[in-house]
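**Q** One file: target_27.cif (mmCIF, C-alpha atoms and all ligand atoms).
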data_model
#
loop_
_atom_site.label_atom_id
_atom_site.label_comp_id
_atom_site.auth_asym_id
_atom_site.auth_seq_id
_atom_site.Cartn_x
_atom_site.Cartn_y
_atom_site.Cartn_z
CA MET A 1 -30.79 -0.12 0.44
CA THR A 2 -31.37 3.52 -0.58
CA THR A 3 -28.04 4.42 1.05
CA ASP A 4 -26.39 1.60 -0.93
CA VAL A 5 -27.88 2.91 -4.17
CA LEU A 6 -26.37 6.32 -3.43
CA LEU A 7 -23.01 5.08 -2.14
CA PHE A 8 -22.31 2.15 -4.46
CA GLY A 9 -24.69 2.78 -7.36
CA ALA A 10 -24.39 6.55 -7.95
CA PHE A 11 -21.33 7.86 -6.12
CA PRO A 12 -18.78 5.89 -8.22
CA TYR A 13 -20.06 7.62 -11.36
CA VAL A 14 -20.04 11.06 -9.72
CA ALA A 15 -16.47 10.40 -8.58
CA MET A 16 -15.25 9.25 -12.00
CA ALA A 17 -17.01 12.12 -13.80
CA LEU A 18 -15.39 14.64 -11.42
CA PHE A 19 -12.02 12.97 -11.93
CA LEU A 20 -12.24 13.15 -15.72
CA VAL A 21 -13.86 16.55 -16.20
CA VAL A 22 -11.96 18.51 -13.51
CA SER A 23 -8.57 16.90 -14.33
CA ILE A 24 -8.86 17.84 -18.01
CA GLN A 25 -10.16 21.32 -17.11
CA ARG A 26 -7.34 21.92 -14.61
CA TYR A 27 -4.71 20.65 -17.03
CA ARG A 28 -6.02 22.92 -19.79
CA LYS A 29 -6.59 26.06 -17.70
CA ASN A 30 -3.93 25.82 -14.95
CA ALA A 31 -1.29 23.43 -16.26
CA TYR A 32 1.38 24.92 -13.97
CA THR A 33 -0.59 23.92 -10.86
CA VAL A 34 -0.54 20.27 -11.94
CA SER A 35 2.34 19.30 -9.67
CA SER A 36 3.24 17.65 -6.37
CA LEU A 37 4.30 21.15 -5.20
CA SER A 38 7.59 19.78 -3.97
CA SER A 39 8.71 20.94 -0.53
CA GLN A 40 12.15 19.38 -0.76
CA PHE A 41 13.93 22.73 -0.51
CA LEU A 42 12.13 23.46 2.79
CA GLU A 43 13.02 20.11 4.37
CA ALA A 44 14.70 17.13 2.71
CA LYS A 45 15.70 14.49 5.29
CA GLN A 46 12.29 13.57 6.71
CA LEU A 47 10.85 13.90 3.21
CA PHE A 48 13.19 11.16 2.00
CA TRP A 49 12.32 8.75 4.84
CA GLY A 50 8.60 9.43 4.38
CA SER A 51 8.19 9.89 0.66
CA VAL A 52 10.26 6.91 -0.56
CA PRO A 53 8.49 4.19 1.50
CA PHE A 54 5.13 5.88 0.94
CA HIS A 55 5.49 5.94 -2.85
CA LEU A 56 6.98 2.45 -3.00
CA GLY A 57 4.11 1.02 -0.95
CA ILE A 58 1.37 2.98 -2.71
CA LEU A 59 2.60 2.09 -6.20
CA VAL A 60 2.85 -1.64 -5.42
CA LEU A 61 -0.67 -1.50 -3.95
CA PHE A 62 -2.01 0.50 -6.90
CA PHE A 63 -0.66 -1.93 -9.50
CA GLY A 64 -1.68 -4.92 -7.37
CA HIS A 65 -5.28 -3.67 -7.32
CA LEU A 66 -5.11 -2.89 -11.04
CA ILE A 67 -3.81 -6.35 -12.00
CA GLY A 68 -6.51 -8.00 -9.86
CA PHE A 69 -9.10 -5.85 -11.58
CA LEU A 70 -7.84 -6.56 -15.12
CA ILE A 71 -7.10 -10.29 -14.88
CA PRO A 72 -9.01 -11.63 -11.82
CA ARG A 73 -9.21 -15.22 -13.07
CA GLN A 74 -5.47 -15.49 -13.62
CA VAL A 75 -4.75 -13.90 -10.21
CA ALA A 76 -7.19 -16.32 -8.52
CA LEU A 77 -5.51 -19.27 -10.31
CA PHE A 78 -2.07 -17.98 -9.29
CA GLY A 79 -3.24 -17.77 -5.67
CA ALA A 80 -4.69 -21.28 -5.71
CA VAL A 81 -1.29 -22.63 -4.64
CA PRO A 82 -0.78 -21.85 -0.90
CA LEU A 83 2.85 -20.70 -1.26
CA ARG A 84 1.95 -18.27 -4.06
CA LEU A 85 -1.02 -16.98 -2.07
CA LEU A 86 1.31 -16.39 0.84
CA ILE A 87 3.71 -14.47 -1.44
CA MET A 88 0.84 -12.24 -2.64
CA GLU A 89 -0.37 -11.65 0.91
CA VAL A 90 3.08 -10.85 2.27
CA THR A 91 3.81 -8.51 -0.67
CA GLY A 92 0.51 -6.66 -0.15
CA LEU A 93 0.96 -6.44 3.60
CA THR A 94 4.54 -5.19 3.30
CA ALA A 95 3.46 -2.56 0.76
CA GLY A 96 0.61 -1.51 3.05
CA LEU A 97 2.92 -1.17 6.06
CA LEU A 98 5.46 0.80 3.99
CA ALA A 99 2.70 3.14 2.81
CA LEU A 100 1.43 3.52 6.38
CA TRP A 101 4.89 4.29 7.74
CA GLY A 102 5.54 6.82 4.95
CA CYS A 103 2.15 8.45 5.26
CA VAL A 104 2.46 8.91 9.05
CA LEU A 105 5.98 10.33 8.65
CA LEU A 106 4.89 12.75 5.91
CA MET A 107 1.97 13.87 8.08
CA LEU A 108 4.19 14.39 11.16
CA ARG A 109 6.66 16.29 9.00
CA ARG A 110 3.97 18.70 7.88
CA MET A 111 2.56 19.02 11.42
CA THR A 112 5.83 19.73 13.20
CA HIS A 113 8.03 21.71 10.81
CA PRO A 114 7.15 25.46 11.04
CA ARG A 115 8.16 26.18 7.42
CA LEU A 116 6.08 23.27 6.17
CA LYS A 117 3.10 24.18 8.34
CA ALA A 118 3.04 27.52 6.55
CA VAL A 119 2.71 25.88 3.13
CA THR A 120 0.26 23.12 4.14
CA SER A 121 -3.28 23.93 3.06
CA PRO A 122 -6.56 22.55 4.47
CA VAL A 123 -6.85 20.52 1.24
CA ASP A 124 -3.46 18.91 1.98
CA LYS A 125 -4.62 18.02 5.49
CA ALA A 126 -7.88 16.52 4.21
CA LEU A 127 -5.94 14.55 1.58
CA TYR A 128 -3.55 13.10 4.16
CA ALA A 129 -6.49 12.15 6.42
CA LEU A 130 -8.13 10.41 3.47
CA LEU A 131 -4.94 8.60 2.42
CA LEU A 132 -4.39 7.42 6.00
CA PHE A 133 -7.99 6.23 6.23
CA GLN A 134 -7.59 4.31 2.98
CA ILE A 135 -4.34 2.65 4.03
CA VAL A 136 -5.67 1.71 7.49
CA THR A 137 -8.92 0.21 6.17
CA GLY A 138 -6.92 -1.68 3.52
CA LEU A 139 -4.56 -3.08 6.15
CA TRP A 140 -7.57 -3.99 8.26
CA VAL A 141 -8.96 -6.09 5.40
CA ALA A 142 -5.55 -7.71 4.88
CA LEU A 143 -5.08 -8.53 8.56
CA PHE A 144 -8.54 -9.40 9.79
CA TYR A 145 -10.17 -10.96 6.74
CA ARG A 146 -7.99 -13.89 5.84
CA TRP A 147 -6.47 -13.98 2.36
CA GLY A 148 -7.45 -10.46 1.35
CA SER A 149 -6.03 -10.89 -2.16
CA ALA A 150 -8.26 -13.91 -2.90
CA TRP A 151 -11.20 -12.07 -1.38
CA TYR A 152 -10.48 -9.03 -3.56
CA VAL A 153 -10.52 -10.87 -6.90
CA GLN A 154 -13.46 -13.09 -6.02
CA THR A 155 -15.73 -10.66 -4.19
CA LEU A 156 -14.84 -7.06 -4.78
CA VAL A 157 -13.67 -7.19 -8.40
CA PRO A 158 -17.07 -8.49 -9.63
CA TYR A 159 -18.65 -5.38 -8.07
CA LEU A 160 -15.98 -3.05 -9.54
CA ARG A 161 -16.39 -4.61 -12.97
CA SER A 162 -20.17 -4.28 -12.71
CA VAL A 163 -19.66 -0.54 -12.14
CA PHE A 164 -17.64 -0.29 -15.33
CA THR A 165 -20.32 -2.11 -17.32
CA PHE A 166 -22.91 0.38 -15.98
CA GLN A 167 -24.82 -2.32 -14.08
CA PRO A 168 -23.61 -1.86 -10.49
CA ASN A 169 -24.17 -5.10 -8.59
CA LEU A 170 -25.40 -3.73 -5.26
CA ALA A 171 -26.18 -7.20 -3.87
CA VAL A 172 -22.42 -7.88 -3.60
CA MET A 173 -21.86 -4.73 -1.56
CA ALA A 174 -24.91 -5.33 0.65
CA GLU A 175 -23.33 -8.55 1.91
CA MET A 176 -20.01 -6.97 2.68
CA LYS A 177 -18.77 -6.10 6.18
CA LEU A 178 -18.37 -2.49 7.31
CA ILE A 179 -14.60 -2.07 6.85
CA PRO A 180 -14.45 -3.33 3.24
CA ARG A 181 -17.44 -1.10 2.47
CA LEU A 182 -15.60 1.87 3.98
CA HIS A 183 -12.51 0.94 1.94
CA VAL A 184 -14.57 1.07 -1.29
CA ILE A 185 -16.18 4.40 -0.35
CA GLY A 186 -12.73 5.77 0.54
CA ALA A 187 -11.36 4.70 -2.85
CA PHE A 188 -14.10 6.49 -4.77
CA THR A 189 -13.73 9.56 -2.53
CA LEU A 190 -10.02 9.67 -3.43
CA ILE A 191 -10.94 9.47 -7.12
CA ALA A 192 -13.47 12.30 -6.64
CA VAL A 193 -11.08 14.67 -4.85
CA PHE A 194 -8.04 13.70 -6.94
CA PRO A 195 -8.17 16.67 -9.36
CA PHE A 196 -8.59 19.19 -6.52
CA THR A 197 -5.39 18.09 -4.79
CA ARG A 198 -1.66 17.66 -5.34
CA LEU A 199 -2.43 14.07 -6.39
CA MET A 200 -2.63 15.55 -9.89
CA HIS A 201 1.13 15.01 -10.10
CA VAL A 202 0.47 11.31 -10.66
CA LEU A 203 -0.92 12.16 -14.13
CA VAL A 204 2.21 14.04 -15.12
CA ALA A 205 4.82 11.73 -13.60
CA PRO A 206 8.11 12.55 -15.35
CA LEU A 207 8.59 8.98 -16.59
CA PRO A 208 10.64 10.03 -19.69
CA TYR A 209 13.44 10.81 -17.21
CA LEU A 210 13.94 7.06 -16.98
CA TRP A 211 14.96 6.67 -20.63
CA ARG A 212 15.89 10.13 -21.89
CA ARG A 213 19.53 10.75 -22.84
CA PRO A 214 21.83 12.41 -20.30
CA GLN A 215 22.12 16.19 -20.60
CA LEU A 216 25.45 18.01 -20.73
CA VAL A 217 25.36 21.28 -18.75
CA LEU A 218 28.06 23.87 -19.58
CA TRP A 219 28.81 26.97 -17.53
CA ASN A 220 29.92 30.02 -19.48
CA ARG A 221 30.64 32.11 -16.38
CA ALA A 222 33.39 31.82 -13.81
CA ARG A 223 32.83 29.02 -11.28
CA ALA A 224 34.34 28.48 -7.83
CA GLU A 225 37.92 27.19 -7.68
CA GLY A 226 37.99 23.45 -8.57
CA ALA A 227 34.37 23.30 -9.79
CA PRO A 228 33.97 21.55 -13.17
CA ARG A 229 33.15 23.59 -16.31
CA SER A 230 30.65 21.00 -17.40
CA GLU A 231 28.52 18.30 -15.78
CA THR A 232 26.51 15.41 -17.14
CA LEU A 233 23.02 15.21 -15.67
CA ARG A 234 20.81 12.14 -15.87
C1 LIG B 1 3.81 7.79 -10.98
C2 LIG B 1 4.07 7.75 -9.77
C3 LIG B 1 4.44 8.91 -8.86
C4 LIG B 1 5.52 9.75 -8.93
C5 LIG B 1 6.62 9.76 -9.98
C6 LIG B 1 5.43 10.65 -7.80
C7 LIG B 1 6.34 11.66 -7.50
C8 LIG B 1 6.25 12.55 -6.45
C9 LIG B 1 7.16 13.62 -6.17
C10 LIG B 1 8.41 13.95 -7.00
C11 LIG B 1 6.73 14.24 -5.06
C12 LIG B 1 7.36 15.46 -4.40
C13 LIG B 1 8.14 15.15 -3.19
C14 LIG B 1 8.72 16.47 -2.70
O1 LIG B 1 9.77 16.82 -3.22
O2 LIG B 1 8.05 17.15 -1.90
C15 LIG B 1 5.53 13.61 -4.62
C16 LIG B 1 4.78 13.98 -3.53
C17 LIG B 1 3.62 13.37 -3.12
N1 LIG B 1 3.03 12.27 -3.71
FE1 LIG B 1 3.67 11.31 -5.38
N2 LIG B 1 4.33 10.35 -7.08
C18 LIG B 1 3.68 9.28 -7.69
C19 LIG B 1 2.51 8.65 -7.28
C20 LIG B 1 1.79 9.00 -6.15
C21 LIG B 1 0.59 8.32 -5.70
C22 LIG B 1 -0.05 7.12 -6.41
C23 LIG B 1 0.18 8.96 -4.57
C24 LIG B 1 -1.00 8.69 -3.69
C25 LIG B 1 -2.08 8.03 -4.02
C26 LIG B 1 1.11 10.05 -4.31
C27 LIG B 1 1.01 10.95 -3.25
C28 LIG B 1 1.89 11.97 -3.00
C29 LIG B 1 1.73 12.92 -1.91
C30 LIG B 1 0.60 12.95 -0.89
C31 LIG B 1 2.83 13.80 -1.99
C32 LIG B 1 3.13 14.97 -1.08
C33 LIG B 1 4.26 14.69 -0.10
C34 LIG B 1 4.47 15.92 0.78
O3 LIG B 1 5.10 16.86 0.30
O4 LIG B 1 3.95 15.93 1.92
N3 LIG B 1 2.09 10.04 -5.29
N4 LIG B 1 5.25 12.56 -5.50
#
Written as C-alpha cells, that's how I'd like the structure from this file.
**A**
Amino acid sequence: MTTDVLLFGAFPYVAMALFLVVSIQRYRKNAYTVSSLSSQFLEAKQLFWGSVPFHLGILVLFFGHLIGFLIPRQVALFGAVPLRLLIMEVTGLTAGLLALWGCVLLMLRRMTHPRLKAVTSPVDKALYALLLFQIVTGLWVALFYRWGSAWYVQTLVPYLRSVFTFQPNLAVMAEMKLIPRLHVIGAFTLIAVFPFTRLMHVLVAPLPYLWRRPQLVLWNRARAEGAPRSETLR
C-alpha cells in the first residue's frame, strides 16, 4: 500500500508540477529550444514512413483518452451498443498499431543512420524507450483485457478524475492488474519528463499554418533558367 501511495497518490502530482513549472520556465528562458529539433534535412524518406503513422496514431489515441476522461458517461453510453463498441475498439487498436509501427521505424532510423546517431542524445533514447513502453502496454490492455475502451471509462477514468479533485482513489488502482498499472505509471512518467525532451514541440504546434493566408515569395535576384520569379507558399 505504501508503494501505491507513492506511485498513484504522490507521483501524479510531482509529474504534473514538473510539467507545468519546467515547461513554463523552459519556454521563458530557452524559447528557441522548444522544438521537435527536426532531422528532416539529414534523412527524409524513413522519417516520412515513421513520423506520419506515429503522429496519426498518437494523436488519435491522445484525443481518445481525453474524450473518455472529459465525458466518460457519454462514451460509456455510446459503447453500450455492440457495433459502436467494436468501432471504438477497432479505431483504438488501429491507432495503437500505427503508433507502434511509426515508433519502431523512428527508433530504427535513429539507430542505423550514422548522421542521425550523431544527433541522437541519451534523452532522445530514453524518450523513445518510454514511448515504446507506453504504446506496448496500451496495446496489451486493448488486446488482452476485453473491451479496453469500456474498461477505461468505467475503471481508470474514476481514478484519474479522483487525482484531479485531489482525492486520489487508491482502492481502484490496488485492484488493477500489473499491465494497466504500468500503463498509468508510464503515462505520468511521460508527463514528468515531457519538458526535458523534444516533446515540448507539442505545446508549440504550428496550428495557425492550417488557416493562415498563403504567402507570396518574390525573388529579387537572378534565378536559374526557367525558375519562377515568384511562388505562392501555403
Ligand atoms: C500537435 C501535434 C503535433 C505536431 C504538429 C507534431 C509535429 C512534429 C514535427 C514537425 C516533428 C519533426 C519531424 C522531423 O522533421 O524530424 C515531430 C517530431 C516528433 N514528434 Fe511530434 N508533433 C505533434 C505531436 C506529438 C506527440 C503527441 C508526440 C508523442 C507523444 C510526438 C512525438 C514526436 C517525436 C518523438 C518526434 C521526433 C521524431 C524523430 O525525429 O525521431 N509528437 N513532431
**Q** Could you give me, as a ChimeraX atom specification, the residues within 7 Å of segment 86-91 of chain A, counting only C-alpha atoms and dropping anything in the same chain fewer than 4 positions from it?
**A** /A:82,95,147,149
**Q** If you measure from atom CA of Leu132 of chain A to atom CA of Phe8 of chain A, what distance in Å do you get, rounded to one decimal?
**A**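 Straight-line distance from atom CA of Leu132 of chain A to atom CA of Phe8 of chain A works out to 21.4 Å.
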**Q** Enumerate residues in contact with ligand LIG 1 (chain B): an atom-to-atom distance of at most 6 Å, counting all atoms listed in the file. Format the result as a PyMOL selection string.
**A** chain A and resi 36+38-40+55+58-59+106+199+202+205
**Q** Considering all atoms listed in the file, return as a PDB file with C-alpha atoms, in the coordinates of the input whatever protein or nucleic-acid residues lie within 8 Å of Arg73 of chain A, sequence-local ones (same chain, fewer than 3 positions apart) excluded.
**A**
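And here's part25.pdb as it stands now:
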ATOM      1  CA  ALA A  76      -7.190 -16.320  -8.520  1.00  0.00           C
ATOM      2  CA  LEU A  77      -5.510 -19.270 -10.310  1.00  0.00           C
ATOM      3  CA  VAL A 153     -10.520 -10.870  -6.900  1.00  0.00           C
TER       4      VAL A 153
END
**Q** Let me make sure I understand: among A:Ala17, A:Leu143, A:Ala187, A:Leu93, which one has the smallest atom-to-atom distance to Leu131 of chain A if we use only C-alpha atoms?
**A**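 Among the listed residues, the smallest separation from Leu131 of chain A belongs to A:Ala187.
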